[in-house]
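With CSV, C-alpha atoms inside, this is coords_23.csv:
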chain,number,residue,atom,x,y,z
A,105,MET,CA,138.9,86.1,146.3
A,106,PRO,CA,138.8,84.1,143.1
A,107,ASP,CA,142.1,83.3,141.3
A,108,GLN,CA,142.8,84.5,137.7
A,109,ALA,CA,141.6,81.3,136.1
A,110,THR,CA,138.3,81.5,138.0
A,111,LEU,CA,137.9,85.2,137.0
A,112,GLN,CA,138.6,84.3,133.4
A,113,LYS,CA,135.9,81.6,133.4
A,114,LEU,CA,133.4,84.1,135.0
A,115,LYS,CA,134.3,86.7,132.3
A,116,GLU,CA,133.7,84.1,129.6
A,117,LYS,CA,130.3,83.1,131.1
A,118,TYR,CA,129.0,86.6,132.1
A,119,GLY,CA,131.0,89.0,129.9
A,120,THR,CA,131.8,91.9,132.2
A,121,VAL,CA,132.6,91.0,135.8
A,122,LEU,CA,132.4,93.9,138.2
A,123,LYS,CA,134.8,94.0,141.2
A,124,LEU,CA,133.1,96.0,144.0
A,125,THR,CA,135.1,96.8,147.1
A,126,SER,CA,134.2,98.5,150.4
A,127,ASP,CA,135.7,101.9,151.2
A,128,ASP,CA,138.3,100.4,153.5
A,129,GLN,CA,139.2,97.7,150.9
A,130,ILE,CA,138.4,94.9,153.3
A,131,ILE,CA,135.3,93.5,151.6
A,132,THR,CA,135.4,92.6,147.9
A,133,ALA,CA,132.5,91.1,145.8
A,134,TYR,CA,132.5,90.1,142.2
A,135,CYS,CA,129.2,90.7,140.3
A,136,LYS,CA,127.8,90.3,136.9
A,137,LYS,CA,125.8,93.1,135.2
A,138,PRO,CA,122.1,92.5,135.7
A,139,THR,CA,120.0,91.2,132.8
A,140,PHE,CA,117.1,93.3,131.6
A,141,THR,CA,114.6,91.0,133.4
A,142,THR,CA,116.5,91.4,136.6
A,143,PHE,CA,116.5,95.2,136.2
A,144,LEU,CA,112.7,95.3,135.5
A,145,ASN,CA,112.2,93.2,138.7
A,146,TYR,CA,114.4,95.6,140.6
A,147,GLN,CA,112.3,98.6,139.3
A,148,ASN,CA,109.0,96.9,140.3
A,149,LYS,CA,110.4,96.2,143.8
A,150,TYR,CA,111.8,99.7,144.1
A,151,LYS,CA,108.3,101.2,144.0
A,152,ASP,CA,107.3,99.4,147.1
A,153,ASN,CA,110.6,99.2,149.1
A,154,PRO,CA,113.8,100.8,147.7
A,155,HIS,CA,115.9,99.2,150.4
A,156,GLU,CA,114.8,95.7,149.6
A,157,ALA,CA,115.0,96.4,145.8
A,158,ILE,CA,118.7,97.4,146.1
A,159,LEU,CA,119.4,94.3,148.2
A,160,PHE,CA,117.6,92.2,145.6
A,161,LEU,CA,119.7,93.6,142.8
A,162,PHE,CA,122.9,93.0,144.6
A,163,GLN,CA,121.9,89.4,145.4
A,164,GLU,CA,120.9,88.7,141.8
A,165,CYS,CA,124.3,90.0,140.5
A,166,VAL,CA,126.8,88.7,143.1
A,167,LEU,CA,128.8,85.7,141.8
A,168,ASP,CA,129.9,84.2,145.1
A,169,GLU,CA,128.0,82.7,148.0
A,170,GLU,CA,129.5,84.8,150.8
A,171,ASN,CA,127.5,86.7,153.4
A,172,TYR,CA,127.8,90.4,153.2
A,173,ASP,CA,126.5,93.0,155.6
A,174,ASP,CA,123.6,95.2,154.6
A,175,GLU,CA,125.6,98.4,154.4
A,176,PHE,CA,128.0,96.8,151.8
A,177,MET,CA,125.2,95.3,149.8
A,178,LEU,CA,123.4,98.6,149.6
A,179,SER,CA,126.5,100.4,148.6
A,180,ALA,CA,127.4,97.8,146.0
A,181,GLY,CA,123.8,97.7,144.7
A,182,ASN,CA,123.8,101.5,144.3
A,183,SER,CA,127.1,101.2,142.4
A,184,ILE,CA,125.4,98.7,140.0
A,185,VAL,CA,122.5,101.1,139.5
A,186,ALA,CA,124.9,103.9,138.7
A,187,MET,CA,126.6,101.7,136.1
A,188,ILE,CA,123.2,100.9,134.6
A,189,LYS,CA,122.6,104.7,134.3
A,190,ASN,CA,125.9,105.1,132.5
A,191,ASP,CA,125.0,102.2,130.2
A,192,SER,CA,121.7,103.8,129.4
A,193,GLU,CA,123.2,107.0,128.0
A,194,PHE,CA,123.8,106.9,124.3
A,195,SER,CA,124.2,109.5,121.7
A,196,ILE,CA,122.0,108.7,118.6
A,197,ASP,CA,118.5,109.6,119.8
A,198,ALA,CA,117.1,109.0,123.2
A,199,THR,CA,113.6,108.4,121.9
A,200,PRO,CA,112.6,105.6,124.3
A,201,GLN,CA,112.1,107.1,127.7
A,202,LYS,CA,112.6,105.1,130.8
A,203,ASP,CA,108.9,104.1,130.9
A,204,GLU,CA,109.2,102.6,127.4
A,205,PHE,CA,111.4,99.6,128.1
A,206,LYS,CA,109.1,97.2,126.4
A,207,LYS,CA,109.2,99.2,123.1
A,208,SER,CA,113.0,99.2,123.3
A,209,ALA,CA,113.0,95.5,123.9
A,210,ALA,CA,110.7,94.9,120.9
A,211,LEU,CA,112.9,97.0,118.7
A,212,ILE,CA,116.0,95.0,119.8
A,213,ARG,CA,114.2,91.7,119.3
A,214,TYR,CA,113.0,92.7,115.8
A,215,ALA,CA,116.4,94.1,114.6
A,216,PHE,CA,118.7,91.4,116.1
A,217,HIS,CA,116.5,88.3,116.8
A,218,VAL,CA,117.8,88.0,120.4
A,219,ASP,CA,115.9,87.9,123.7
A,220,PRO,CA,116.6,91.4,125.1
A,221,TYR,CA,115.4,90.3,128.6
A,222,GLN,CA,118.5,88.0,128.9
A,223,LEU,CA,121.0,90.7,127.9
A,224,ALA,CA,123.3,92.5,130.4
A,225,MET,CA,122.2,96.2,130.6
A,226,ASP,CA,125.3,97.5,128.8
A,227,GLU,CA,124.7,95.1,125.9
A,228,PHE,CA,121.0,96.0,125.9
A,229,TYR,CA,121.7,99.7,125.5
A,230,LYS,CA,124.4,99.0,122.9
A,231,LEU,CA,121.9,97.0,120.8
A,232,LEU,CA,119.2,99.6,121.4
A,233,GLU,CA,121.5,102.3,120.1
A,234,GLU,CA,122.3,100.2,117.0
A,235,ALA,CA,118.6,99.4,116.4
A,236,LEU,CA,117.7,103.0,116.6
A,237,TRP,CA,120.4,103.9,114.1
A,238,LEU,CA,119.1,101.1,111.8
A,239,GLN,CA,115.5,102.4,112.1
A,240,LYS,CA,116.6,106.0,111.3
A,241,HIS,CA,118.7,104.7,108.3
A,242,ASN,CA,115.7,102.7,107.0
A,243,GLU,CA,113.4,105.7,107.3
A,244,LYS,CA,115.8,107.9,105.4
A,245,ARG,CA,116.1,105.3,102.7
A,246,MET,CA,112.3,105.0,102.4
A,247,GLU,CA,112.0,108.7,102.3
A,248,ASN,CA,114.5,108.9,99.4
A,249,THR,CA,112.6,106.1,97.6
A,250,PHE,CA,109.3,108.0,97.9
A,251,MET,CA,110.9,111.3,96.7
A,252,THR,CA,112.4,109.5,93.6
A,253,ALA,CA,109.1,107.8,92.9
A,254,PHE,CA,107.1,111.1,93.2
A,255,ALA,CA,109.6,112.9,91.0
A,256,GLN,CA,109.4,110.2,88.3
A,257,THR,CA,105.6,110.0,88.5
A,258,PHE,CA,104.9,113.8,88.3
A,259,SER,CA,107.7,114.7,85.9
A,260,ASN,CA,106.0,112.8,83.0
This entry written out as C-alpha coordinates:
Amino acid sequence: MPDQATLQKLKEKYGTVLKLTSDDQIITAYCKKPTFTTFLNYQNKYKDNPHEAILFLFQECVLDEENYDDEFMLSAGNSIVAMIKNDSEFSIDATPQKDEFKKSAALIRYAFHVDPYQLAMDEFYKLLEEALWLQKHNEKRMENTFMTAFAQTFSN
(Lines of atoms letter the chains of each structure in order from A and count residues from 1; the text may use other names and numbers.)
(Lines give C-alpha, C1' and ligand atoms only; values in the text may rest on other atoms or scores of the structure.)
Protein backbone atom coordinates (compact mmCIF):
# COMPACT_ATOMS: atom_id res chain seq x y z
CA MET A 1 0.00 0.00 0.00
CA PRO A 2 1.46 3.40 -0.97
CA ASP A 3 2.12 5.96 1.74
CA GLN A 4 0.41 9.37 1.82
CA ALA A 5 3.23 11.15 -0.06
CA THR A 6 3.09 8.58 -2.86
CA LEU A 7 -0.72 8.85 -3.03
CA GLN A 8 -0.46 12.64 -3.23
CA LYS A 9 1.99 12.38 -6.15
CA LEU A 10 -0.34 9.95 -7.92
CA LYS A 11 -3.27 12.34 -7.41
CA GLU A 12 -1.24 15.22 -8.84
CA LYS A 13 -0.29 13.15 -11.87
CA TYR A 14 -3.61 11.38 -12.59
CA GLY A 15 -6.22 13.54 -10.87
CA THR A 16 -8.60 11.09 -9.27
CA VAL A 17 -7.06 7.95 -7.78
CA LEU A 18 -9.49 5.12 -7.13
CA LYS A 19 -8.96 2.78 -4.20
CA LEU A 20 -10.50 -0.58 -5.03
CA THR A 21 -10.63 -3.28 -2.37
CA SER A 22 -11.84 -6.85 -2.30
CA ASP A 23 -14.94 -7.78 -0.31
CA ASP A 24 -12.81 -9.20 2.49
CA GLN A 25 -10.60 -6.07 2.52
CA ILE A 26 -7.45 -8.17 1.97
CA ILE A 27 -6.62 -6.98 -1.55
CA THR A 28 -6.33 -3.29 -2.40
CA ALA A 29 -5.48 -1.72 -5.75
CA TYR A 30 -5.04 1.92 -6.68
CA CYS A 31 -6.24 2.85 -10.14
CA LYS A 32 -6.58 5.92 -12.30
CA LYS A 33 -9.71 6.64 -14.28
CA PRO A 34 -9.31 5.45 -17.87
CA THR A 35 -8.68 7.90 -20.65
CA PHE A 36 -11.15 8.15 -23.49
CA THR A 37 -8.79 6.20 -25.78
CA THR A 38 -8.52 3.41 -23.22
CA PHE A 39 -12.29 3.29 -22.91
CA LEU A 40 -12.75 3.08 -26.69
CA ASN A 41 -10.23 0.22 -26.82
CA TYR A 42 -12.14 -1.48 -23.99
CA GLN A 43 -15.40 -1.15 -25.94
CA ASN A 44 -13.81 -2.61 -29.08
CA LYS A 45 -12.41 -5.57 -27.14
CA TYR A 46 -15.71 -6.05 -25.29
CA LYS A 47 -17.48 -6.96 -28.52
CA ASP A 48 -15.19 -9.95 -29.05
CA ASN A 49 -14.44 -11.04 -25.49
CA PRO A 50 -16.03 -9.27 -22.49
CA HIS A 51 -13.83 -11.14 -19.99
CA GLU A 52 -10.59 -10.04 -21.68
CA ALA A 53 -11.92 -6.50 -22.15
CA ILE A 54 -12.56 -6.04 -18.43
CA LEU A 55 -9.11 -7.45 -17.61
CA PHE A 56 -7.61 -5.07 -20.17
CA LEU A 57 -9.40 -2.10 -18.60
CA PHE A 58 -8.18 -2.99 -15.13
CA GLN A 59 -4.59 -3.51 -16.30
CA GLU A 60 -4.60 -0.16 -18.12
CA CYS A 61 -5.84 1.66 -15.02
CA VAL A 62 -3.98 -0.02 -12.17
CA LEU A 63 -1.12 2.09 -10.83
CA ASP A 64 1.06 -0.58 -9.19
CA GLU A 65 2.82 -3.60 -10.60
CA GLU A 66 1.42 -6.28 -8.30
CA ASN A 67 -0.14 -9.51 -9.52
CA TYR A 68 -3.85 -9.79 -8.85
CA ASP A 69 -6.09 -12.80 -9.29
CA ASP A 70 -8.61 -12.80 -12.14
CA GLU A 71 -11.60 -12.60 -9.83
CA PHE A 72 -10.37 -9.38 -8.21
CA MET A 73 -9.37 -7.87 -11.56
CA LEU A 74 -12.82 -8.61 -13.01
CA SER A 75 -14.56 -7.16 -9.97
CA ALA A 76 -12.36 -4.05 -10.00
CA GLY A 77 -12.78 -3.67 -13.77
CA ASN A 78 -16.55 -3.84 -13.39
CA SER A 79 -16.30 -1.17 -10.67
CA ILE A 80 -14.39 1.07 -13.08
CA VAL A 81 -17.07 0.51 -15.75
CA ALA A 82 -19.77 1.43 -13.20
CA MET A 83 -17.91 4.65 -12.38
CA ILE A 84 -17.71 5.49 -16.08
CA LYS A 85 -21.48 5.01 -16.36
CA ASN A 86 -21.96 7.43 -13.46
CA ASP A 87 -19.59 9.93 -15.13
CA SER A 88 -21.54 9.69 -18.37
CA GLU A 89 -24.79 10.86 -16.82
CA PHE A 90 -25.32 14.58 -17.05
CA SER A 91 -28.32 16.82 -16.95
CA ILE A 92 -28.20 19.37 -19.78
CA ASP A 93 -29.10 17.35 -22.88
CA ALA A 94 -27.99 13.82 -23.55
CA THR A 95 -27.94 14.42 -27.31
CA PRO A 96 -24.88 12.29 -28.11
CA GLN A 97 -25.80 8.66 -27.65
CA LYS A 98 -23.18 6.07 -26.78
CA ASP A 99 -22.48 5.34 -30.45
CA GLU A 100 -21.63 9.00 -31.07
CA PHE A 101 -18.39 9.28 -29.05
CA LYS A 102 -16.50 10.76 -31.99
CA LYS A 103 -19.00 13.58 -32.34
CA SER A 104 -18.70 14.27 -28.62
CA ALA A 105 -14.92 14.26 -28.86
CA ALA A 106 -15.05 16.69 -31.79
CA LEU A 107 -17.31 19.02 -29.85
CA ILE A 108 -14.93 19.00 -26.86
CA ARG A 109 -11.90 19.53 -29.09
CA TYR A 110 -13.59 22.46 -30.85
CA ALA A 111 -14.88 24.15 -27.69
CA PHE A 112 -11.86 23.73 -25.42
CA HIS A 113 -8.88 23.01 -27.72
CA VAL A 114 -7.87 19.88 -25.80
CA ASP A 115 -7.32 16.29 -26.91
CA PRO A 116 -10.45 14.53 -25.60
CA TYR A 117 -8.87 11.11 -26.07
CA GLN A 118 -6.36 11.84 -23.31
CA LEU A 119 -8.96 12.94 -20.75
CA ALA A 120 -10.17 10.81 -17.86
CA MET A 121 -13.78 9.78 -18.39
CA ASP A 122 -15.19 12.04 -15.66
CA GLU A 123 -13.34 15.04 -17.14
CA PHE A 124 -14.50 14.05 -20.64
CA TYR A 125 -18.16 14.09 -19.59
CA LYS A 126 -17.78 17.32 -17.62
CA LEU A 127 -16.32 19.04 -20.67
CA LEU A 128 -18.98 17.49 -22.91
CA GLU A 129 -21.69 18.85 -20.64
CA GLU A 130 -20.11 22.32 -20.78
CA ALA A 131 -19.62 22.14 -24.57
CA LEU A 132 -23.28 21.20 -25.05
CA TRP A 133 -24.31 24.14 -22.87
CA LEU A 134 -22.09 26.48 -24.93
CA GLN A 135 -23.56 25.12 -28.15
CA LYS A 136 -27.12 25.61 -26.87
CA HIS A 137 -26.26 29.13 -25.64
CA ASN A 138 -24.75 30.09 -29.02
CA GLU A 139 -27.80 28.75 -30.86
CA LYS A 140 -30.12 30.86 -28.67
CA ARG A 141 -27.95 33.93 -29.25
CA MET A 142 -27.99 33.37 -33.02
CA GLU A 143 -31.75 32.83 -32.96
CA ASN A 144 -32.23 36.14 -31.12
CA THR A 145 -29.95 37.91 -33.61
CA PHE A 146 -32.00 36.60 -36.55
CA MET A 147 -35.27 37.58 -34.91
CA THR A 148 -33.96 41.11 -34.34
CA ALA A 149 -32.65 41.36 -37.91
CA PHE A 150 -35.94 40.15 -39.41
CA ALA A 151 -37.93 42.52 -37.20
CA GLN A 152 -35.81 45.48 -38.29
CA THR A 153 -35.86 44.47 -41.96
CA PHE A 154 -39.59 43.93 -42.24
CA SER A 155 -40.70 46.73 -39.95
CA ASN A 156 -39.49 49.40 -42.37
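The interatomic distance for the pair CA of Ser192 in chain A and CA of Ala210 in chain A works out to 16.5 Å.
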| query | Of the candidates A:Phe162, A:Ala215, A:Asp127, A:Ala157, which one gets nearest to Trp237 in chain A if we count all atoms listed in the file? | reply |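 That would be A:Ala215, the residue with the smallest distance to Trp237 in chain A.
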| query | So what do you get for CA of Phe258 in chain A versus CA of Met246 in chain A, distance-wise? | reply |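 Computed distance, CA of Phe258 in chain A to CA of Met246 in chain A, equals 18.2 Å.
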| remark: As a check of understanding: the span from CA of Gln129 in chain A to CA of Met187 in chain A is 19.8 Å
| Contacts of range 144-150 of chain A at 12 Å (only C-alpha atoms; same-chain gap of 2+ positions) as a VMD selection string | chain A and resid 138 to 142 152 to 165 181 to 182 184 to 185 188 202 to 206 209 220 to 222 225
| query | Quick one: residues within 10 Å of Lys123 in chain A, only C-alpha atoms counted, chain neighbours fewer than 3 positions away excluded, as a PyMOL selection string? | reply | chain A and resi 120+132-136+166+180
| query | For Ser179 in chain A, which residue among A:Ile212, A:Leu124, A:Leu238, A:Asp226 is the nearest when counting all atoms listed in the file? | reply | A:Leu124
| For Leu211 in chain A, which of A:Glu247, A:Glu116, A:Glu193, A:Glu233 is the closest residue, counting all atoms listed in the file? |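 The shortest atom-to-atom distance to Leu211 in chain A comes from A:Glu233.
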| request: Return the single residue from A:Leu223, A:Phe216, A:Lys189, A:Thr125 that is closest to Met177 in chain A, with distances computed using all atoms listed in the file. | output: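 Using all atoms listed in the file, the shortest distance to Met177 in chain A belongs to A:Thr125.
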Could range 134-155 of chain A be completed with N, CA and C atoms and returned as a PDB file, in the frame of the given file?
ATOM      1  N   TYR A 134     132.474  90.101 143.638  1.00  0.00           N
ATOM      2  CA  TYR A 134     132.500  90.100 142.200  1.00  0.00           C
ATOM      3  C   TYR A 134     131.041  89.872 141.714  1.00  0.00           C
ATOM      4  N   CYS A 135     130.618  90.729 140.797  1.00  0.00           N
ATOM      5  CA  CYS A 135     129.200  90.700 140.300  1.00  0.00           C
ATOM      6  C   CYS A 135     129.181  90.739 138.818  1.00  0.00           C
ATOM      7  N   LYS A 136     128.080  90.224 138.297  1.00  0.00           N
ATOM      8  CA  LYS A 136     127.800  90.300 136.900  1.00  0.00           C
ATOM      9  C   LYS A 136     126.880  91.544 136.695  1.00  0.00           C
ATOM     10  N   LYS A 137     126.794  92.041 135.483  1.00  0.00           N
ATOM     11  CA  LYS A 137     125.800  93.100 135.200  1.00  0.00           C
ATOM     12  C   LYS A 137     124.447  92.438 135.163  1.00  0.00           C
ATOM     13  N   PRO A 138     123.433  93.110 135.665  1.00  0.00           N
ATOM     14  CA  PRO A 138     122.100  92.500 135.700  1.00  0.00           C
ATOM     15  C   PRO A 138     121.527  92.358 134.271  1.00  0.00           C
ATOM     16  N   THR A 139     120.712  91.338 134.098  1.00  0.00           N
ATOM     17  CA  THR A 139     120.000  91.200 132.800  1.00  0.00           C
ATOM     18  C   THR A 139     118.842  92.199 132.840  1.00  0.00           C
ATOM     19  N   PHE A 140     118.236  92.347 131.697  1.00  0.00           N
ATOM     20  CA  PHE A 140     117.100  93.300 131.600  1.00  0.00           C
ATOM     21  C   PHE A 140     115.951  92.837 132.461  1.00  0.00           C
ATOM     22  N   THR A 141     115.689  91.522 132.519  1.00  0.00           N
ATOM     23  CA  THR A 141     114.600  91.000 133.400  1.00  0.00           C
ATOM     24  C   THR A 141     114.884  91.322 134.835  1.00  0.00           C
ATOM     25  N   THR A 142     116.114  91.120 135.264  1.00  0.00           N
ATOM     26  CA  THR A 142     116.500  91.400 136.600  1.00  0.00           C
ATOM     27  C   THR A 142     116.277  92.920 136.923  1.00  0.00           C
ATOM     28  N   PHE A 143     116.646  93.773 135.979  1.00  0.00           N
ATOM     29  CA  PHE A 143     116.500  95.200 136.200  1.00  0.00           C
ATOM     30  C   PHE A 143     115.016  95.592 136.256  1.00  0.00           C
ATOM     31  N   LEU A 144     114.171  94.981 135.428  1.00  0.00           N
ATOM     32  CA  LEU A 144     112.700  95.300 135.500  1.00  0.00           C
ATOM     33  C   LEU A 144     112.162  94.831 136.856  1.00  0.00           C
ATOM     34  N   ASN A 145     112.590  93.663 137.341  1.00  0.00           N
ATOM     35  CA  ASN A 145     112.200  93.200 138.700  1.00  0.00           C
ATOM     36  C   ASN A 145     112.614  94.172 139.747  1.00  0.00           C
ATOM     37  N   TYR A 146     113.840  94.657 139.622  1.00  0.00           N
ATOM     38  CA  TYR A 146     114.400  95.600 140.600  1.00  0.00           C
ATOM     39  C   TYR A 146     113.491  96.903 140.558  1.00  0.00           C
ATOM     40  N   GLN A 147     113.137  97.389 139.362  1.00  0.00           N
ATOM     41  CA  GLN A 147     112.300  98.600 139.300  1.00  0.00           C
ATOM     42  C   GLN A 147     110.938  98.371 139.909  1.00  0.00           C
ATOM     43  N   ASN A 148     110.351  97.199 139.683  1.00  0.00           N
ATOM     44  CA  ASN A 148     109.000  96.900 140.300  1.00  0.00           C
ATOM     45  C   ASN A 148     109.134  96.865 141.805  1.00  0.00           C
ATOM     46  N   LYS A 149     110.190  96.260 142.335  1.00  0.00           N
ATOM     47  CA  LYS A 149     110.400  96.200 143.800  1.00  0.00           C
ATOM     48  C   LYS A 149     110.704  97.558 144.379  1.00  0.00           C
ATOM     49  N   TYR A 150     111.390  98.398 143.590  1.00  0.00           N
ATOM     50  CA  TYR A 150     111.800  99.700 144.100  1.00  0.00           C
ATOM     51  C   TYR A 150     110.628 100.589 144.423  1.00  0.00           C
ATOM     52  N   LYS A 151     109.525 100.432 143.701  1.00  0.00           N
ATOM     53  CA  LYS A 151     108.300 101.200 144.000  1.00  0.00           C
ATOM     54  C   LYS A 151     107.796 100.993 145.367  1.00  0.00           C
ATOM     55  N   ASP A 152     107.845  99.734 145.816  1.00  0.00           N
ATOM     56  CA  ASP A 152     107.300  99.400 147.100  1.00  0.00           C
ATOM     57  C   ASP A 152     108.314  99.550 148.257  1.00  0.00           C
ATOM     58  N   ASN A 153     109.578  99.167 147.991  1.00  0.00           N
ATOM     59  CA  ASN A 153     110.600  99.200 149.100  1.00  0.00           C
ATOM     60  C   ASN A 153     111.969  99.359 148.431  1.00  0.00           C
ATOM     61  N   PRO A 154     112.470 100.585 148.341  1.00  0.00           N
ATOM     62  CA  PRO A 154     113.800 100.800 147.700  1.00  0.00           C
ATOM     63  C   PRO A 154     114.919 100.032 148.373  1.00  0.00           C
ATOM     64  N   HIS A 155     114.902  99.927 149.684  1.00  0.00           N
ATOM     65  CA  HIS A 155     115.900  99.200 150.400  1.00  0.00           C
ATOM     66  C   HIS A 155     115.997  97.745 149.971  1.00  0.00           C
TER      67      HIS A 155
END
